[in-house]
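> Data: entry-v7.cif, mmCIF, C-alpha atoms and all ligand atoms.
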```
data_entry
#
loop_
_atom_site.group_PDB
_atom_site.id
_atom_site.type_symbol
_atom_site.label_atom_id
_atom_site.label_comp_id
_atom_site.auth_asym_id
_atom_site.auth_seq_id
_atom_site.Cartn_x
_atom_site.Cartn_y
_atom_site.Cartn_z
ATOM 1 C CA MET A 1 1.033 6.935 -12.073
ATOM 2 C CA ASP A 2 2.175 3.543 -13.256
ATOM 3 C CA ARG A 3 0.526 1.185 -10.771
ATOM 4 C CA LYS A 4 3.058 -1.512 -11.647
ATOM 5 C CA GLU A 5 5.667 0.272 -9.575
ATOM 6 C CA LEU A 6 6.275 -0.632 -5.956
ATOM 7 C CA ASN A 7 5.918 2.310 -3.571
ATOM 8 C CA THR A 8 8.212 0.951 -0.874
ATOM 9 C CA ALA A 9 11.295 2.881 -1.991
ATOM 10 C CA LYS A 10 9.426 6.166 -2.394
ATOM 11 C CA TRP A 11 8.586 6.937 1.224
ATOM 12 C CA GLY A 12 11.861 8.776 1.749
ATOM 13 C CA ASP A 13 10.655 11.601 -0.508
ATOM 14 C CA VAL A 14 6.893 11.441 -0.917
ATOM 15 C CA ASP A 15 6.655 14.934 -2.465
ATOM 16 C CA GLN A 16 8.688 13.760 -5.464
ATOM 17 C CA THR A 17 6.064 11.174 -6.383
ATOM 18 C CA GLN A 18 3.339 11.821 -8.946
ATOM 19 C CA ASP A 19 0.529 10.724 -6.682
ATOM 20 C CA THR A 20 0.952 12.039 -3.132
ATOM 21 C CA GLU A 21 -2.756 11.436 -2.377
ATOM 22 C CA HIS A 22 -2.156 7.731 -2.836
ATOM 23 C CA PHE A 23 0.405 7.831 0.013
ATOM 24 C CA VAL A 24 -1.994 9.679 2.322
ATOM 25 C CA GLY A 25 -4.735 7.153 1.420
ATOM 26 C CA TYR A 26 -2.327 4.307 2.190
ATOM 27 C CA LEU A 27 -1.640 5.680 5.680
ATOM 28 C CA ASP A 28 -5.378 6.033 6.348
ATOM 29 C CA LYS A 29 -6.021 2.476 5.191
ATOM 30 C CA VAL A 30 -3.271 1.100 7.452
ATOM 31 C CA SER A 31 -4.348 3.221 10.432
ATOM 32 C CA ALA A 32 -7.904 1.880 10.149
ATOM 33 C CA ILE A 33 -6.714 -1.664 10.953
ATOM 34 C CA GLU A 34 -7.545 -2.517 14.568
ATOM 35 C CA ALA A 35 -4.172 -4.231 15.162
ATOM 36 C CA VAL A 36 -2.449 -1.036 14.024
ATOM 37 C CA GLN A 37 -4.514 1.078 16.404
ATOM 38 C CA ALA A 38 -3.586 -1.360 19.168
ATOM 39 C CA TYR A 39 0.183 -1.160 18.590
ATOM 40 C CA LYS A 40 -0.043 2.621 18.328
ATOM 41 C CA ARG A 41 -1.761 2.762 21.734
ATOM 42 C CA ARG A 42 1.033 0.611 23.159
ATOM 43 C CA THR A 43 3.676 3.026 21.835
ATOM 44 C CA TYR A 44 1.812 5.968 23.434
ATOM 45 C CA ASN A 45 1.769 4.128 26.773
ATOM 46 C CA LEU A 46 5.520 3.516 26.597
ATOM 47 C CA MET A 47 6.068 7.295 26.275
ATOM 48 C CA LYS A 48 4.734 7.698 29.874
ATOM 49 C CA MET A 49 3.062 10.980 28.972
ATOM 50 C CA LYS A 50 1.685 13.314 31.593
ATOM 51 C CA GLU A 51 -0.373 16.484 31.352
ATOM 52 C CA GLY A 52 1.866 19.362 30.353
ATOM 53 C CA HIS A 53 4.455 17.217 28.565
ATOM 54 C CA ALA A 54 6.072 18.323 25.310
ATOM 55 C CA VAL A 55 6.155 15.380 22.883
ATOM 56 C CA LEU A 56 7.424 14.815 19.350
ATOM 57 C CA ASP A 57 6.216 12.475 16.586
ATOM 58 C CA ILE A 58 8.854 12.360 13.864
ATOM 59 C CA GLY A 59 7.782 11.116 10.428
ATOM 60 C CA CYS A 60 4.252 11.967 11.545
ATOM 61 C CA GLY A 61 2.632 11.493 8.123
ATOM 62 C CA ALA A 62 -0.948 12.798 8.080
ATOM 63 C CA GLY A 63 -0.647 13.639 11.788
ATOM 64 C CA ASP A 64 -3.313 11.417 13.345
ATOM 65 C CA ASP A 65 -0.954 10.173 16.084
ATOM 66 C CA VAL A 66 -0.043 13.759 16.966
ATOM 67 C CA LEU A 67 -3.725 14.560 17.568
ATOM 68 C CA LYS A 68 -3.933 11.617 19.973
ATOM 69 C CA LEU A 69 -0.723 12.651 21.755
ATOM 70 C CA ALA A 70 -2.100 16.205 22.083
ATOM 71 C CA GLU A 71 -5.218 14.881 23.834
ATOM 72 C CA MET A 72 -2.986 13.027 26.269
ATOM 73 C CA VAL A 73 -0.709 15.937 27.190
ATOM 74 C CA GLY A 74 -3.650 18.354 27.465
ATOM 75 C CA SER A 75 -3.850 22.081 26.883
ATOM 76 C CA SER A 76 -0.823 22.787 29.072
ATOM 77 C CA GLY A 77 1.268 20.442 26.904
ATOM 78 C CA ARG A 78 2.579 20.514 23.365
ATOM 79 C CA ALA A 79 2.473 17.823 20.638
ATOM 80 C CA VAL A 80 4.752 18.457 17.677
ATOM 81 C CA GLY A 81 4.589 16.545 14.390
ATOM 82 C CA ILE A 82 7.455 16.729 11.918
ATOM 83 C CA ASP A 83 7.648 15.154 8.470
ATOM 84 C CA ASN A 84 9.870 15.846 5.478
ATOM 85 C CA SER A 85 6.827 15.854 3.164
ATOM 86 C CA GLU A 86 5.050 19.181 2.660
ATOM 87 C CA THR A 87 2.005 17.228 1.447
ATOM 88 C CA MET A 88 1.816 15.219 4.677
ATOM 89 C CA ILE A 89 2.248 18.323 6.849
ATOM 90 C CA GLY A 90 -0.429 20.121 4.789
ATOM 91 C CA VAL A 91 -2.902 17.275 5.373
ATOM 92 C CA ALA A 92 -1.987 17.129 9.084
ATOM 93 C CA ARG A 93 -2.614 20.872 9.477
ATOM 94 C CA GLN A 94 -5.984 20.581 7.703
ATOM 95 C CA ARG A 95 -7.061 17.717 9.951
ATOM 96 C CA SER A 96 -6.130 19.634 13.117
ATOM 97 C CA GLU A 97 -7.623 22.987 12.049
ATOM 98 C CA ALA A 98 -11.072 22.623 13.566
ATOM 99 C CA LEU A 99 -9.767 20.966 16.740
ATOM 100 C CA ASP A 100 -8.766 22.883 19.819
ATOM 101 C CA LEU A 101 -5.618 20.914 20.499
ATOM 102 C CA PRO A 102 -2.026 21.971 21.397
ATOM 103 C CA VAL A 103 -0.474 20.738 18.130
ATOM 104 C CA GLU A 104 2.255 22.097 15.898
ATOM 105 C CA PHE A 105 3.182 20.651 12.507
ATOM 106 C CA ARG A 106 6.437 21.430 10.748
ATOM 107 C CA VAL A 107 8.273 20.252 7.648
ATOM 108 C CA GLY A 108 11.638 18.874 8.726
ATOM 109 C CA ASP A 109 14.199 16.129 8.292
ATOM 110 C CA ILE A 110 14.796 13.525 10.993
ATOM 111 C CA TYR A 111 18.545 13.851 10.438
ATOM 112 C CA HIS A 112 18.578 17.609 11.184
ATOM 113 C CA LEU A 113 15.742 18.570 13.508
ATOM 114 C CA ASP A 114 15.331 22.308 13.860
ATOM 115 C CA GLU A 115 14.741 21.924 17.606
ATOM 116 C CA GLU A 116 16.813 22.759 20.681
ATOM 117 C CA ASP A 117 18.557 20.093 22.766
ATOM 118 C CA ASN A 118 16.647 18.368 25.607
ATOM 119 C CA ILE A 119 13.245 19.983 25.010
ATOM 120 C CA PHE A 120 10.885 17.018 24.552
ATOM 121 C CA ASP A 121 9.710 14.770 27.381
ATOM 122 C CA SER A 122 9.335 11.941 24.876
ATOM 123 C CA CYS A 123 9.709 11.261 21.159
ATOM 124 C CA ARG A 124 8.259 8.596 18.907
ATOM 125 C CA ALA A 125 8.991 7.425 15.348
ATOM 126 C CA ASP A 126 6.408 5.143 13.742
ATOM 127 C CA ARG A 127 7.302 3.252 10.538
ATOM 128 C CA ILE A 128 9.930 5.740 9.375
ATOM 129 C CA PHE A 129 13.143 3.860 10.265
ATOM 130 C CA GLN A 130 12.457 1.293 7.515
ATOM 131 C CA HIS A 131 12.803 4.151 5.021
ATOM 132 C CA LEU A 132 16.087 5.552 6.359
ATOM 133 C CA LYS A 133 19.574 4.943 4.992
ATOM 134 C CA ASP A 134 21.262 6.166 8.210
ATOM 135 C CA PRO A 135 18.952 5.086 11.055
ATOM 136 C CA GLN A 136 21.674 5.391 13.725
ATOM 137 C CA GLN A 137 22.136 9.079 12.933
ATOM 138 C CA ALA A 138 18.351 9.577 12.994
ATOM 139 C CA LEU A 139 18.150 8.050 16.484
ATOM 140 C CA THR A 140 21.043 10.221 17.693
ATOM 141 C CA GLU A 141 19.047 13.265 16.565
ATOM 142 C CA MET A 142 15.872 12.046 18.328
ATOM 143 C CA ILE A 143 17.880 11.557 21.516
ATOM 144 C CA ARG A 144 19.445 15.019 21.230
ATOM 145 C CA VAL A 145 16.051 16.739 21.398
ATOM 146 C CA THR A 146 14.771 14.498 24.241
ATOM 147 C CA ARG A 147 15.397 15.586 27.838
ATOM 148 C CA PRO A 148 17.590 13.408 30.085
ATOM 149 C CA GLY A 149 15.337 10.683 31.534
ATOM 150 C CA GLY A 150 12.785 11.130 28.711
ATOM 151 C CA ARG A 151 11.563 8.228 26.566
ATOM 152 C CA VAL A 152 12.386 7.498 22.944
ATOM 153 C CA VAL A 153 10.018 5.042 21.248
ATOM 154 C CA ILE A 154 10.545 3.569 17.795
ATOM 155 C CA PHE A 155 8.214 1.156 16.025
ATOM 156 C CA ASP A 156 9.099 -0.591 12.808
ATOM 157 C CA VAL A 157 8.437 -3.539 10.576
ATOM 158 C CA ASP A 158 10.892 -6.296 9.715
ATOM 159 C CA TRP A 159 9.881 -7.108 6.137
ATOM 160 C CA GLU A 160 11.867 -10.360 6.125
ATOM 161 C CA THR A 161 9.108 -11.702 8.419
ATOM 162 C CA LEU A 162 6.434 -11.263 5.746
ATOM 163 C CA LEU A 163 4.603 -14.598 5.480
ATOM 164 C CA ILE A 164 2.089 -15.411 2.782
ATOM 165 C CA ASP A 165 0.367 -18.796 2.689
ATOM 166 C CA ALA A 166 0.452 -19.718 -1.016
ATOM 167 C CA PRO A 167 0.988 -23.041 -2.777
ATOM 168 C CA ASP A 168 3.999 -21.968 -4.864
ATOM 169 C CA VAL A 169 6.844 -21.611 -2.369
ATOM 170 C CA ALA A 170 9.431 -20.388 -4.883
ATOM 171 C CA VAL A 171 7.212 -17.596 -6.245
ATOM 172 C CA THR A 172 6.114 -16.607 -2.743
ATOM 173 C CA ARG A 173 9.735 -16.312 -1.599
ATOM 174 C CA LYS A 174 10.623 -14.166 -4.609
ATOM 175 C CA VAL A 175 7.701 -11.799 -3.985
ATOM 176 C CA ALA A 176 8.423 -11.505 -0.247
ATOM 177 C CA ASN A 177 12.128 -10.925 -0.892
ATOM 178 C CA LEU A 178 11.386 -8.187 -3.412
ATOM 179 C CA ILE A 179 9.090 -6.365 -0.979
ATOM 180 C CA CYS A 180 11.792 -6.571 1.711
ATOM 181 C CA ASP A 181 14.729 -5.677 -0.519
ATOM 182 C CA ASP A 182 12.951 -2.784 -2.251
ATOM 183 C CA THR A 183 12.534 -1.083 1.138
ATOM 184 C CA ALA A 184 15.490 1.176 2.027
ATOM 185 C CA ASN A 185 15.935 -0.581 5.392
ATOM 186 C CA GLY A 186 13.760 -3.709 5.174
ATOM 187 C CA TRP A 187 15.405 -5.266 8.257
ATOM 188 C CA ALA A 188 14.683 -2.224 10.450
ATOM 189 C CA GLY A 189 12.574 -4.247 12.897
ATOM 190 C CA ARG A 190 15.358 -6.585 14.060
ATOM 191 C CA GLN A 191 17.878 -3.739 14.169
ATOM 192 C CA LEU A 192 16.008 -1.319 16.449
ATOM 193 C CA PHE A 193 17.385 -2.941 19.620
ATOM 194 C CA ARG A 194 20.947 -2.555 18.341
ATOM 195 C CA TYR A 195 20.377 1.081 17.371
ATOM 196 C CA GLY A 196 19.084 1.749 20.889
ATOM 197 C CA LYS A 197 22.058 -0.020 22.529
ATOM 198 C CA GLN A 198 24.605 1.743 20.344
ATOM 199 C CA ALA A 199 22.980 5.110 21.023
ATOM 200 C CA GLY A 200 23.289 4.498 24.780
ATOM 201 C CA LEU A 201 19.559 4.382 25.632
ATOM 202 C CA HIS A 202 18.828 2.947 29.085
ATOM 203 C CA GLU A 203 16.126 0.529 30.291
ATOM 204 C CA LEU A 204 15.531 -0.787 26.773
ATOM 205 C CA VAL A 205 12.237 -2.602 26.252
ATOM 206 C CA VAL A 206 11.456 -4.581 23.076
ATOM 207 C CA VAL A 207 7.874 -5.511 22.197
ATOM 208 C CA PRO A 208 7.101 -7.778 19.201
ATOM 209 C CA GLU A 209 3.883 -7.176 17.271
ATOM 210 C CA THR A 210 2.617 -9.623 14.639
ATOM 211 C CA ALA A 211 -0.144 -8.323 12.389
ATOM 212 C CA ILE A 212 -2.276 -10.851 10.517
ATOM 213 C CA ILE A 213 -4.288 -10.017 7.418
ATOM 214 C CA PHE A 214 -7.072 -12.425 6.423
ATOM 215 C CA GLU A 215 -8.292 -10.542 3.320
ATOM 216 C CA TYR A 216 -6.504 -10.689 -0.013
ATOM 217 C CA ALA A 217 -7.798 -7.285 -1.188
ATOM 218 C CA LEU A 218 -6.453 -5.509 1.907
ATOM 219 C CA ALA A 219 -3.109 -7.337 1.761
ATOM 220 C CA ASP A 220 -2.787 -6.605 -1.944
ATOM 221 C CA HIS A 221 -3.536 -2.907 -1.418
ATOM 222 C CA ILE A 222 -1.128 -2.468 1.485
ATOM 223 C CA LEU A 223 1.654 -4.815 0.452
ATOM 224 C CA GLN A 224 1.284 -4.524 -3.341
ATOM 225 C CA LEU A 225 1.527 -8.313 -3.698
ATOM 226 C CA SER A 226 0.314 -8.496 -7.295
ATOM 227 C CA ILE A 227 2.415 -5.483 -8.321
ATOM 228 C CA ALA A 228 5.476 -7.159 -6.800
ATOM 229 C CA ALA A 229 4.742 -10.329 -8.789
ATOM 230 C CA GLU A 230 4.267 -8.295 -11.996
ATOM 231 C CA THR A 231 7.510 -6.414 -11.303
ATOM 232 C CA LEU A 232 9.299 -9.772 -11.105
ATOM 233 C CA GLN A 233 7.681 -10.774 -14.383
ATOM 234 C CA GLU A 234 8.885 -7.576 -16.072
ATOM 235 C CA ALA A 235 12.384 -8.317 -14.745
ATOM 236 C CA GLY A 236 12.192 -11.792 -16.312
ATOM 237 C CA GLU A 237 12.278 -13.563 -12.939
ATOM 238 C CA LEU A 238 8.759 -14.979 -13.208
ATOM 239 C CA SER A 239 6.744 -16.086 -16.218
ATOM 240 C CA ALA A 240 3.291 -14.637 -16.975
ATOM 241 C CA SER A 241 1.659 -17.942 -16.084
ATOM 242 C CA GLN A 242 3.486 -18.137 -12.736
ATOM 243 C CA VAL A 243 2.173 -14.673 -11.852
ATOM 244 C CA ILE A 244 -1.390 -15.464 -12.929
ATOM 245 C CA ASP A 245 -1.404 -18.798 -11.086
ATOM 246 C CA TRP A 246 0.067 -17.246 -7.937
ATOM 247 C CA VAL A 247 -2.429 -14.357 -7.812
ATOM 248 C CA ASN A 248 -5.345 -16.686 -8.635
ATOM 249 C CA ALA A 249 -4.316 -19.030 -5.822
ATOM 250 C CA LEU A 250 -4.379 -16.119 -3.357
ATOM 251 C CA LYS A 251 -7.793 -14.988 -4.628
ATOM 252 C CA HIS A 252 -9.074 -18.538 -4.335
ATOM 253 C CA SER A 253 -7.829 -18.833 -0.754
ATOM 254 C CA ASP A 254 -9.641 -15.547 -0.029
ATOM 255 C CA GLU A 255 -12.883 -16.854 -1.558
ATOM 256 C CA THR A 256 -12.700 -19.933 0.628
ATOM 257 C CA GLY A 257 -11.932 -17.861 3.736
ATOM 258 C CA GLN A 258 -8.409 -19.266 4.040
ATOM 259 C CA PHE A 259 -6.225 -16.315 3.031
ATOM 260 C CA PHE A 260 -3.405 -15.779 5.539
ATOM 261 C CA CYS A 261 -0.610 -13.265 5.543
ATOM 262 C CA SER A 262 1.375 -11.836 8.455
ATOM 263 C CA VAL A 263 4.289 -9.571 9.251
ATOM 264 C CA THR A 264 6.137 -8.917 12.511
ATOM 265 C CA SER A 265 7.189 -5.513 13.774
ATOM 266 C CA TYR A 266 9.026 -4.400 16.896
ATOM 267 C CA THR A 267 8.683 -1.488 19.269
ATOM 268 C CA VAL A 268 11.814 -0.421 21.072
ATOM 269 C CA CYS A 269 11.604 2.024 23.962
ATOM 270 C CA GLY A 270 14.507 3.424 25.959
ATOM 271 C CA ARG A 271 15.318 6.269 28.340
ATOM 272 C CA LYS A 272 17.852 8.970 27.590
HETATM 273 C C1 LIG B 301 5.156 4.958 6.414
HETATM 274 S S1 LIG B 301 4.971 6.654 6.776
HETATM 275 C C2 LIG B 301 4.424 6.592 8.492
HETATM 276 C C3 LIG B 301 3.648 7.825 8.897
HETATM 277 C C4 LIG B 301 3.115 7.851 10.327
HETATM 278 N N1 LIG B 301 4.180 7.749 11.286
HETATM 279 C C5 LIG B 301 2.088 6.767 10.575
HETATM 280 O O1 LIG B 301 2.343 5.847 11.367
HETATM 281 O O2 LIG B 301 1.017 6.836 9.960
HETATM 282 C C6 LIG B 301 6.628 7.289 6.921
HETATM 283 C C7 LIG B 301 6.663 8.825 7.039
HETATM 284 O O3 LIG B 301 8.012 9.254 7.231
HETATM 285 C C8 LIG B 301 8.241 10.404 6.444
HETATM 286 N N2 LIG B 301 9.692 10.509 6.208
HETATM 287 C C9 LIG B 301 10.474 9.743 5.404
HETATM 288 N N3 LIG B 301 11.754 10.125 5.475
HETATM 289 C C10 LIG B 301 11.810 11.170 6.359
HETATM 290 C C11 LIG B 301 12.852 11.988 6.870
HETATM 291 N N4 LIG B 301 14.127 11.833 6.463
HETATM 292 N N5 LIG B 301 12.550 12.949 7.769
HETATM 293 C C12 LIG B 301 11.271 13.135 8.181
HETATM 294 N N6 LIG B 301 10.228 12.390 7.719
HETATM 295 C C13 LIG B 301 10.487 11.417 6.827
HETATM 296 C C14 LIG B 301 7.399 10.181 5.195
HETATM 297 O O4 LIG B 301 7.113 11.376 4.515
HETATM 298 C C15 LIG B 301 6.152 9.529 5.786
HETATM 299 O O5 LIG B 301 5.160 10.467 6.115
#
```
Here is the file; what I need is its structure written in the form of structure tokens.

Amino acid sequence: MDRKELNTAKWGDVDQTQDTEHFVGYLDKVSAIEAVQAYKRRTYNLMKMKEGHAVLDIGCGAGDDVLKLAEMVGSSGRAVGIDNSETMIGVARQRSEALDLPVEFRVGDIYHLDEEDNIFDSCRADRIFQHLKDPQQALTEMIRVTRPGGRVVIFDVDWETLLIDAPDVAVTRKVANLICDDTANGWAGRQLFRYGKQAGLHELVVVPETAIIFEYALADHILQLSIAAETLQEAGELSASQVIDWVNALKHSDETGQFFCSVTSYTVCGRK
């Protein structure tokens, strides 16, 4: 795989990529961040799960959230994970195999869920709306399968809020804009409230979550900062020396313990 390509636009169809393992590894790396674990716990709490509940995680990736949901609903409940990637569902099934948990994993598309109306007590979608071209339709489908009074919880990033402390403002803006604009729905975070309103969800709650990364290597791996800069160079928007200077400045700030990068996401929860 050509590492000079940004992955942001590829999440809509992971199985079509040459290096599906890289995408699974990315999810694991992100999930290991304590701030990520913390926001995930907050989304579980908003689902108001009880023993015996049937719950859905759509765009479940490698399925780790589904395992946690299954523990919360207990053996009389049901936690279903759906993802449109066969690779992701394969990994999720492997990870759940040895565990005695009430989980089901299925390949499926958020726009056309192969589920009956009103069957889930709550549904969640975690970092999938940023990859959707028709998020309103996706939410309508989540609401269809949720029972009246059940909770729908969506978490997503707003990539326009990506902040990187670097000396060259113009280069930094270009890199941040590319990362945002290369994502199918880079403004998902700010739009979740509107999707919820337009879909008629009640008792809407919005929770902002700002994640800070203090390590260049982690930020570069997750956000592909240097690849974004090189992509701009290939497109003729930055010179080779601008890219080298920009990356070196970030590495230097890391070496001196001053690297700072942050991005804000939003959780929206509503009742059907
Ligand atoms: C960034 S990952 C997040 C995975 C997981 N929710 C997590 O927090 O680790 C987005 C997931 O959405 C899936 N996805 C993208 N488009 C989809 C669609 N139309 N229907 C179902 N899943 C989709 C991708 O395959 C990927 O696993």
> Could you tell me, counting all atoms listed in the file, which protein and nucleic acid residues lie no more than 9 Å from ligand LIG 301 (chain B), written as number ranges by chain?
A: 8, 10-15, 23-24, 26-28, 30-31, 36, 40, 57-65, 82-89, 107-113, 124-133, 138, 155
> Could the residues in this selection be saved with C-alpha atoms as a short mmCIF file (atom, residue, chain, number, x, y, z; two decimals), in the frame of the given file?

```cif
data_model
loop_
_atom_site.label_atom_id
_atom_site.label_comp_id
_atom_site.auth_asym_id
_atom_site.auth_seq_id
_atom_site.Cartn_x
_atom_site.Cartn_y
_atom_site.Cartn_z
CA THR A 8 8.21 0.95 -0.87
CA LYS A 10 9.43 6.17 -2.39
CA TRP A 11 8.59 6.94 1.22
CA GLY A 12 11.86 8.78 1.75
CA ASP A 13 10.66 11.60 -0.51
CA VAL A 14 6.89 11.44 -0.92
CA ASP A 15 6.66 14.93 -2.46
CA PHE A 23 0.40 7.83 0.01
CA VAL A 24 -1.99 9.68 2.32
CA TYR A 26 -2.33 4.31 2.19
CA LEU A 27 -1.64 5.68 5.68
CA ASP A 28 -5.38 6.03 6.35
CA VAL A 30 -3.27 1.10 7.45
CA SER A 31 -4.35 3.22 10.43
CA VAL A 36 -2.45 -1.04 14.02
CA LYS A 40 -0.04 2.62 18.33
CA ASP A 57 6.22 12.48 16.59
CA ILE A 58 8.85 12.36 13.86
CA GLY A 59 7.78 11.12 10.43
CA CYS A 60 4.25 11.97 11.54
CA GLY A 61 2.63 11.49 8.12
CA ALA A 62 -0.95 12.80 8.08
CA GLY A 63 -0.65 13.64 11.79
CA ASP A 64 -3.31 11.42 13.34
CA ASP A 65 -0.95 10.17 16.08
CA ILE A 82 7.46 16.73 11.92
CA ASP A 83 7.65 15.15 8.47
CA ASN A 84 9.87 15.85 5.48
CA SER A 85 6.83 15.85 3.16
CA GLU A 86 5.05 19.18 2.66
CA THR A 87 2.00 17.23 1.45
CA MET A 88 1.82 15.22 4.68
CA ILE A 89 2.25 18.32 6.85
CA VAL A 107 8.27 20.25 7.65
CA GLY A 108 11.64 18.87 8.73
CA ASP A 109 14.20 16.13 8.29
CA ILE A 110 14.80 13.52 10.99
CA TYR A 111 18.55 13.85 10.44
CA HIS A 112 18.58 17.61 11.18
CA LEU A 113 15.74 18.57 13.51
CA ARG A 124 8.26 8.60 18.91
CA ALA A 125 8.99 7.42 15.35
CA ASP A 126 6.41 5.14 13.74
CA ARG A 127 7.30 3.25 10.54
CA ILE A 128 9.93 5.74 9.38
CA PHE A 129 13.14 3.86 10.26
CA GLN A 130 12.46 1.29 7.52
CA HIS A 131 12.80 4.15 5.02
CA LEU A 132 16.09 5.55 6.36
CA LYS A 133 19.57 4.94 4.99
CA ALA A 138 18.35 9.58 12.99
CA PHE A 155 8.21 1.16 16.02
#
```
> Please expand the PyMOL selection byres (((chain A and resi 224-237) around 7) and not hetatm) into the concrete residues it hits in this file, giving the result as a list in words.
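So the PyMOL selection byres (((chain A and resi 224-237) around 7) and not hetatm), applied here, picks out Lys4, Glu5, Leu6, Val175, Leu178, Ile179, Asp220, His221, Ile222, Leu223, Leu238, Ser239, Ala240, Val243 and Val247 of chain A.
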> Calculated over only C-alpha atoms, which of the candidates A:Gly77, A:Gly270, A:Gly200, A:Gly25 has the smallest distance to A:Gly150?
A:Gly270
> On this structure, the PyMOL selection byres (((chain A and resi 246) around 9) and not hetatm) would catch which residues? List them as an MDAnalysis selection string, sorted by chain and number.
chainID A and resid 166:168 171:172 226 229 241:245 247:251
> Please, what distance in Å, to one decimal, runs between atom CA of A:Glu141 and atom CA of A:Val205?
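These two atoms are separated by 19.8 Å.
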> Give the padded box for stretch 5-23 of chain A as AutoDock Vina command-line options: axis-aligned, covering all atoms listed in the file, 5 Å on each side, centre and edge lengths in Å to one decimal.

```
--center_x 4.6 --center_y 7.2 --center_z -3.9 --size_x 24.6 --size_y 25.6 --size_z 21.3
```
> Quick check, in Å to one decimal: how far apart do atom CA of A:Gln94 and atom CA of A:Asp19 lie?
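We find that atom CA of A:Gln94 and atom CA of A:Asp19 lie 18.6 Å from each other.
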> Using only C-alpha atoms, find the one residue out of A:Val73, A:Val66, A:Met142, A:Ile164 that sits nearest to A:Phe105.
A:Val66
> For atom CA of A:Phe120 and atom CA of A:Gln37, determine how far apart the two atoms are, in Å to one decimal place.
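Atom CA of A:Phe120 sits 23.6 Å away from atom CA of A:Gln37.
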